[in-house]
file target12.csv (CSV, C-alpha atoms and all ligand atoms)
chain,number,residue,atom,x,y,z
A,602,MET,CA,37.9,4.2,-14.1
A,603,THR,CA,35.3,1.7,-13.0
A,604,ALA,CA,31.7,2.1,-14.1
A,605,GLN,CA,29.3,2.6,-11.3
A,606,THR,CA,25.9,0.9,-11.5
A,607,ALA,CA,23.3,3.2,-10.1
A,608,ARG,CA,20.9,1.5,-7.7
A,609,LYS,CA,17.3,2.1,-8.5
A,610,PRO,CA,15.2,3.6,-5.7
A,611,PHE,CA,13.3,1.0,-3.8
A,612,LEU,CA,9.5,1.3,-3.4
A,613,TYR,CA,7.5,-0.7,-0.9
A,614,VAL,CA,3.9,-1.3,-2.2
A,615,VAL,CA,1.7,-2.3,0.7
A,616,VAL,CA,-1.5,-4.0,-0.5
A,617,CYS,CA,-4.5,-4.4,1.8
A,618,ALA,CA,-7.6,-6.6,1.4
A,619,ALA,CA,-9.9,-4.4,-0.8
A,620,GLY,CA,-11.6,-5.7,-3.9
A,621,ILE,CA,-9.7,-3.2,-6.1
A,622,ALA,CA,-6.4,-4.9,-5.1
A,623,ALA,CA,-7.0,-7.2,-8.1
A,624,GLU,CA,-5.7,-4.4,-10.3
A,625,VAL,CA,-2.5,-3.7,-8.3
A,626,GLY,CA,-0.4,-4.8,-11.2
A,627,GLU,CA,-1.2,-1.5,-12.9
A,628,LEU,CA,0.5,0.4,-10.0
A,629,ILE,CA,3.6,-1.9,-10.1
A,630,ALA,CA,4.0,-1.5,-13.8
A,631,ALA,CA,3.6,2.3,-13.6
A,632,ALA,CA,6.1,2.5,-10.8
A,633,GLN,CA,8.6,0.4,-12.7
A,634,GLU,CA,8.2,2.6,-15.8
A,635,ARG,CA,9.0,5.6,-13.6
A,636,GLY,CA,12.3,4.0,-12.4
A,637,TRP,CA,11.3,2.4,-9.1
A,638,GLU,CA,12.3,-1.1,-8.1
A,639,VAL,CA,9.3,-2.6,-6.3
A,640,GLY,CA,8.8,-4.9,-3.4
A,641,VAL,CA,5.3,-5.9,-2.4
A,642,ILE,CA,4.1,-6.3,1.2
A,643,ALA,CA,0.6,-7.6,1.6
A,644,THR,CA,-1.7,-8.0,4.6
A,645,PRO,CA,-2.4,-11.6,5.5
A,646,VAL,CA,-6.1,-11.1,4.4
A,647,ALA,CA,-5.0,-9.6,1.1
A,648,MET,CA,-2.9,-12.7,0.4
A,649,ASN,CA,-6.2,-14.7,0.6
A,650,GLY,CA,-7.4,-14.3,-3.0
A,651,PHE,CA,-7.6,-10.5,-3.3
A,652,PHE,CA,-4.9,-10.3,-6.1
A,653,ASP,CA,-2.9,-12.6,-8.4
A,654,THR,CA,0.2,-13.2,-6.2
A,655,ALA,CA,2.0,-15.2,-8.8
A,656,ALA,CA,1.6,-12.5,-11.4
A,657,VAL,CA,2.9,-9.8,-8.9
A,658,GLU,CA,5.9,-12.0,-8.0
A,659,ALA,CA,6.7,-12.5,-11.6
A,660,ARG,CA,6.4,-8.8,-12.3
A,661,THR,CA,8.6,-7.6,-9.3
A,662,GLY,CA,11.0,-10.6,-9.5
A,663,ARG,CA,10.7,-10.9,-5.7
A,664,PRO,CA,8.5,-12.9,-3.3
A,665,ILE,CA,5.7,-11.0,-1.7
A,666,ARG,CA,6.2,-10.4,2.0
A,667,SER,CA,3.3,-10.9,4.3
A,668,ALA,CA,4.6,-12.8,7.4
A,669,TRP,CA,7.3,-11.7,9.8
A,670,ARG,CA,10.7,-13.2,9.1
A,671,THR,CA,12.3,-15.5,11.7
A,672,PRO,CA,15.0,-13.8,13.7
A,673,GLY,CA,17.8,-15.7,11.8
A,674,GLU,CA,16.5,-14.7,8.4
A,675,PRO,CA,18.1,-11.8,6.5
A,676,ARG,CA,15.8,-8.8,5.7
A,677,PRO,CA,14.3,-9.7,2.3
A,678,PHE,CA,14.0,-6.2,0.9
A,679,PRO,CA,16.4,-3.3,1.1
A,680,ALA,CA,15.3,-0.3,3.2
A,681,PRO,CA,12.6,1.7,1.4
A,682,ASP,CA,13.2,5.0,-0.4
A,683,ALA,CA,9.4,5.5,-0.4
A,684,VAL,CA,6.2,3.6,0.6
A,685,VAL,CA,2.8,3.4,-1.2
A,686,VAL,CA,-0.2,1.9,0.5
A,687,ALA,CA,-2.7,1.0,-2.2
A,688,PRO,CA,-5.4,0.0,-1.8
A,689,ALA,CA,-5.6,1.1,1.9
A,690,THR,CA,-8.4,-0.4,3.9
A,691,PHE,CA,-10.4,1.1,6.7
A,692,ASN,CA,-9.0,-1.5,9.0
A,693,THR,CA,-5.3,-0.9,8.1
A,694,VAL,CA,-5.6,2.9,8.2
A,695,ASN,CA,-7.2,2.8,11.7
A,696,LYS,CA,-4.7,0.3,13.1
A,697,TRP,CA,-1.7,2.1,11.6
A,698,ALA,CA,-2.8,5.5,13.1
A,699,ALA,CA,-3.3,3.7,16.5
A,700,GLY,CA,0.3,2.4,16.3
A,701,ILE,CA,-0.7,-1.3,16.1
A,702,ALA,CA,2.0,-3.5,14.5
A,703,ASP,CA,0.5,-7.0,14.5
A,704,THR,CA,1.2,-7.7,10.8
A,705,LEU,CA,4.3,-7.2,8.8
A,706,ALA,CA,2.4,-4.6,6.7
A,707,LEU,CA,1.4,-2.6,9.8
A,708,GLY,CA,4.8,-2.9,11.4
A,709,THR,CA,6.4,-1.6,8.2
A,710,LEU,CA,4.0,1.3,8.0
A,711,CYS,CA,4.4,2.2,11.7
A,712,GLU,CA,8.1,2.4,11.1
A,713,ALA,CA,8.0,4.2,7.8
A,714,ALA,CA,7.2,7.7,9.0
A,715,GLY,CA,10.1,7.5,11.5
A,716,LEU,CA,12.4,6.7,8.6
A,717,GLY,CA,11.6,10.0,7.0
A,718,VAL,CA,10.7,8.5,3.6
A,719,PRO,CA,7.7,9.8,1.6
A,720,ILE,CA,4.5,7.7,2.1
A,721,ALA,CA,1.5,7.9,-0.2
A,722,VAL,CA,-1.8,6.3,0.5
A,723,LEU,CA,-4.8,5.5,-1.7
A,724,PRO,CA,-7.7,4.6,0.5
A,725,CYS,CA,-10.5,2.4,-0.8
A,726,VAL,CA,-13.2,2.8,1.9
A,727,ALA,CA,-16.9,2.8,1.5
A,728,ASP,CA,-18.6,6.1,2.4
A,729,ALA,CA,-20.5,4.5,5.3
A,730,LEU,CA,-17.3,3.3,6.9
A,731,ALA,CA,-15.5,6.6,6.1
A,732,ALA,CA,-18.1,8.4,8.2
A,733,HIS,CA,-16.8,6.6,11.3
A,734,PRO,CA,-15.1,9.1,13.7
A,735,ALA,CA,-12.2,6.8,14.3
A,736,TYR,CA,-11.4,6.8,10.5
A,737,ARG,CA,-11.6,10.6,10.3
A,738,ALA,CA,-9.3,10.9,13.3
A,739,ALA,CA,-6.9,8.4,11.8
A,740,LEU,CA,-6.6,10.4,8.6
A,741,GLU,CA,-5.9,13.5,10.6
A,742,ARG,CA,-3.3,11.8,12.7
A,743,LEU,CA,-1.5,10.2,9.8
A,744,GLY,CA,-1.7,13.5,7.8
A,745,GLY,CA,-0.1,15.2,10.7
A,746,MET,CA,2.8,12.7,10.5
A,747,GLY,CA,3.3,13.8,6.9
A,748,VAL,CA,1.5,10.9,5.2
A,749,ARG,CA,0.1,12.0,1.8
A,750,PHE,CA,-3.4,10.9,0.9
A,751,GLY,CA,-5.1,10.5,-2.5
A,752,GLU,CA,-8.7,11.5,-3.0
A,753,PRO,CA,-11.4,9.5,-1.3
A,754,TYR,CA,-12.5,6.4,-3.3
A,755,SER,CA,-15.5,4.4,-2.1
A,756,GLY,CA,-15.3,1.7,-4.9
A,757,GLU,CA,-19.1,1.8,-5.1
A,758,PRO,CA,-20.4,1.0,-8.6
A,759,GLN,CA,-21.6,3.8,-10.8
A,760,PRO,CA,-25.1,3.8,-12.4
A,761,ASP,CA,-23.8,1.7,-15.3
A,762,ASP,CA,-22.7,-0.9,-12.7
A,763,ALA,CA,-19.0,-0.3,-13.6
A,764,ARG,CA,-16.6,0.4,-10.8
A,765,PRO,CA,-15.1,3.9,-11.1
A,766,GLU,CA,-11.4,4.0,-12.1
A,767,PHE,CA,-8.9,3.8,-9.2
A,768,ALA,CA,-6.2,6.4,-9.6
A,769,TRP,CA,-3.2,4.1,-9.2
A,770,ARG,CA,-0.7,6.6,-10.7
A,771,ARG,CA,-1.8,9.3,-8.2
A,772,ALA,CA,0.2,7.5,-5.6
A,773,LEU,CA,3.4,8.0,-7.6
A,774,ASP,CA,2.6,11.6,-8.2
A,775,LEU,CA,2.2,12.1,-4.5
A,776,LEU,CA,5.6,10.6,-3.8
A,777,GLU,CA,7.2,12.8,-6.4
A,778,ARG,CA,5.7,16.0,-5.0
A,779,GLY,CA,9.0,16.4,-3.0
A,801,LIG,C1,-14.6,-9.0,-1.5
A,801,LIG,C2,-14.2,-8.0,-0.3
A,801,LIG,C3,-13.9,-6.7,-0.7
A,801,LIG,C4,-13.6,-5.8,0.3
A,801,LIG,N1,-13.3,-4.5,0.0
A,801,LIG,C5,-12.9,-3.7,1.0
A,801,LIG,C6,-12.7,-2.3,0.6
A,801,LIG,O1,-12.8,-1.9,-0.5
A,801,LIG,N2,-12.3,-1.5,1.6
A,801,LIG,C7,-12.2,-1.9,2.9
A,801,LIG,O2,-11.8,-1.1,3.8
A,801,LIG,N3,-12.4,-3.2,3.3
A,801,LIG,C8,-12.8,-4.0,2.3
A,801,LIG,N4,-13.1,-5.3,2.7
A,801,LIG,C9,-13.0,-5.7,4.1
A,801,LIG,C10,-11.6,-6.0,4.5
A,801,LIG,O3,-11.1,-7.1,3.7
A,801,LIG,C11,-11.5,-6.4,6.0
A,801,LIG,O4,-11.8,-5.3,6.8
A,801,LIG,C12,-10.1,-6.9,6.3
A,801,LIG,O5,-10.1,-7.2,7.7
A,801,LIG,C13,-9.0,-5.9,6.0
A,801,LIG,O6,-7.8,-6.4,6.3
A,801,LIG,P1,-6.4,-5.7,6.1
A,801,LIG,O7,-6.6,-4.2,6.4
A,801,LIG,O8,-5.4,-6.3,7.0
A,801,LIG,O9,-6.0,-5.9,4.6
A,801,LIG,C14,-13.5,-6.3,1.7
A,801,LIG,C15,-13.8,-7.6,2.0
A,801,LIG,C16,-14.1,-8.4,1.0
A,801,LIG,C17,-14.5,-9.9,1.4
call {"tool": "encode", "arguments": {"input": "target12.csv", "output": "structure tokens"}}
result
Amino acid sequence: MTAQTARKPFLYVVVCAAGIAAEVGELIAAAQERGWEVGVIATPVAMNGFFDTAAVEARTGRPIRSAWRTPGEPRPFPAPDAVVVAPATFNTVNKWAAGIADTLALGTLCEAAGLGVPIAVLPCVADALAAHPAYRAALERLGGMGVRFGEPYSGEPQPDDARPEFAWRRALDLLERG
């Protein structure tokens, strides 16, 4: 009998340009501990100094995807078994809900709900922006598509000037909810 090597489920981690993205390694490590293989897709703005891209590539063992491939190039990642968007910006949430697919990250997100895979989102959006009616409508629309959201997080410093903890593992819990 030949031994079968079980393929690990593949998780897309979509990273947007929020300051907290600097800590995304925590999410990737936690996902790997829980048995996920991880591929990172970052928005073009997020690639511009928001996190340590070399460290993330070393940790995942794969290049970060940000630009569209050329038509002749093979797909760099397998199809996703699940998708996490963390941190999710005001900009990306609104564009995603509107069906705009002008970056690889947005195109991937627009397609993901139609694939029927679980999608978990951890927004990092300041309270003043979160009050915008377009954002509230976007959350409602994406929620109606089955997208699972973590608790609101504004990233605003606490009285001791420290940034409150970002609940990276919550994204994995949301995926595992079934
Ligand atoms: C240092 C810095 C931190 C930022 N943090 C946030 C944030 O926490 N949340 C947010 O929605 N936008 C934040 N922004 C603004 C976004 O980077 C900006 O809206 C950008 O267009 C988002 O692009 P993306 O959604 O394609 O990643 C920040 C910008 C800078 C320069």
call {"tool": "atom_distance", "arguments": {"input": "target12.csv", "atom1": "atom CA of A:Arg670", "atom2": "atom CA of A:Lys609"}}
result
24.2 Å
call {"tool": "closest_residue", "arguments": {"input": "target12.csv", "among": "A:Val615, A:Val625, A:Ala631, A:Ala699", "to": "A:Phe767", "atoms": "only C-alpha atoms"}}
result
A:Val625
call {"tool": "closest_atom_pairs", "arguments": {"input": "target12.csv", "of": "chain A", "to": "ligand LIG 801 (chain A)", "cutoff": "6 Å", "atoms": "only C-alpha atoms and all ligand atoms", "output": "tab-separated table"}}
result
residue	atom	partner	partner_atom	distance
A:Cys617	CA	A:LIG801	O9	3.5
A:Ala618	CA	A:LIG801	O9	3.6
A:Ala619	CA	A:LIG801	N1	3.5
A:Gly620	CA	A:LIG801	C3	4.1
A:Thr644	CA	A:LIG801	O8	4.7
A:Val646	CA	A:LIG801	O9	5.2
A:Ala647	CA	A:LIG801	O9	5.2
A:Thr690	CA	A:LIG801	O2	3.5
A:Phe691	CA	A:LIG801	O2	3.9
A:Asn692	CA	A:LIG801	O7	4.5
A:Thr693	CA	A:LIG801	O7	3.9
A:Cys725	CA	A:LIG801	O1	4.9
A:Val726	CA	A:LIG801	N2	4.4
call {"tool": "closest_residue", "arguments": {"input": "target12.csv", "among": "A:Ala763, A:Ala735, A:Ile621, A:Ala714", "to": "A:Gly747", "atoms": "all atoms listed in the file"}}
result
A:Ala714
call {"tool": "atom_distance", "arguments": {"input": "target12.csv", "atom1": "atom CA of A:Val641", "atom2": "atom CA of A:Thr709"}}
result
11.5 Å
call {"tool": "residues_around", "arguments": {"input": "target12.csv", "residues": "A:Gly708", "least_positions_apart": "2", "cutoff": "12 Å", "atoms": "only C-alpha atoms", "output": "list in words"}}
result
Val615, Ile642, Ala643, Thr644, Ser667, Ala668, Trp669, Thr693, Lys696, Trp697, Ala698, Ala699, Gly700, Ile701, Ala702, Asp703, Thr704, Leu705, Ala706, Leu710, Cys711, Glu712, Ala713, Ala714 and Gly715 of chain A
call {"tool": "residues_around", "arguments": {"input": "target12.csv", "residues": "A:Ala623", "least_positions_apart": "5", "cutoff": "9 Å", "atoms": "all atoms listed in the file", "output": "list in words"}}
result
Gly650, Phe651, Phe652 and Asp653 of chain A
call {"tool": "residues_around", "arguments": {"input": "target12.csv", "residues": "stretch 752-761 of chain A", "least_positions_apart": "3", "cutoff": "12 Å", "atoms": "only C-alpha atoms", "output": "number ranges by chain"}}
result
A: 619-622, 687-691, 721-732, 737, 740, 749, 764-769, 771-772, 775
call {"tool": "residues_around", "arguments": {"input": "target12.csv", "residues": "A:Asp682", "least_positions_apart": "2", "cutoff": "6 Å", "atoms": "all atoms listed in the file", "output": "list of chain:residue names"}}
result
A:Pro610, A:Phe611, A:Val718
call {"tool": "residues_around", "arguments": {"input": "target12.csv", "residues": "A:Gly626", "least_positions_apart": "2", "cutoff": "8 Å", "atoms": "all atoms listed in the file", "output": "list of chain:residue names"}}
result
A:Ala623, A:Glu624, A:Leu628, A:Ile629, A:Ala630, A:Ala656, A:Val657, A:Arg660
call {"tool": "write_last_selection", "arguments": {"input": "target12.csv", "atoms": "C-alpha atoms", "output": "tab-separated table (two decimals), in the coordinates of the input"}}
result
chain	number	residue	atom	x	y	z
A	623	ALA	CA	-7.00	-7.20	-8.10
A	624	GLU	CA	-5.70	-4.40	-10.30
A	628	LEU	CA	0.50	0.40	-10.00
A	629	ILE	CA	3.60	-1.90	-10.10
A	630	ALA	CA	4.00	-1.50	-13.80
A	656	ALA	CA	1.60	-12.50	-11.40
A	657	VAL	CA	2.90	-9.80	-8.90
A	660	ARG	CA	6.40	-8.80	-12.30
call {"tool": "atom_distance", "arguments": {"input": "target12.csv", "atom1": "atom CA of A:Val684", "atom2": "atom CA of A:Leu743"}}
result
13.7 Å
call {"tool": "closest_residue", "arguments": {"input": "target12.csv", "among": "A:Ile720, A:Asp774, A:Pro664, A:Tyr736", "to": "A:Val748", "atoms": "all atoms listed in the file"}}
result
A:Ile720
call {"tool": "closest_residue", "arguments": {"input": "target12.csv", "among": "A:Gly717, A:Tyr613, A:Thr654, A:Arg742", "to": "A:Pro681", "atoms": "all atoms listed in the file"}}
result
A:Tyr613
call {"tool": "closest_residue", "arguments": {"input": "target12.csv", "among": "A:Pro734, A:Arg608, A:Pro719, A:Ala680", "to": "A:Met746", "atoms": "only C-alpha atoms"}}
result
A:Pro719
call {"tool": "closest_residue", "arguments": {"input": "target12.csv", "among": "A:Glu627, A:Ala683, A:Gly745, A:His733", "to": "A:Glu777", "atoms": "all atoms listed in the file"}}
result
A:Ala683
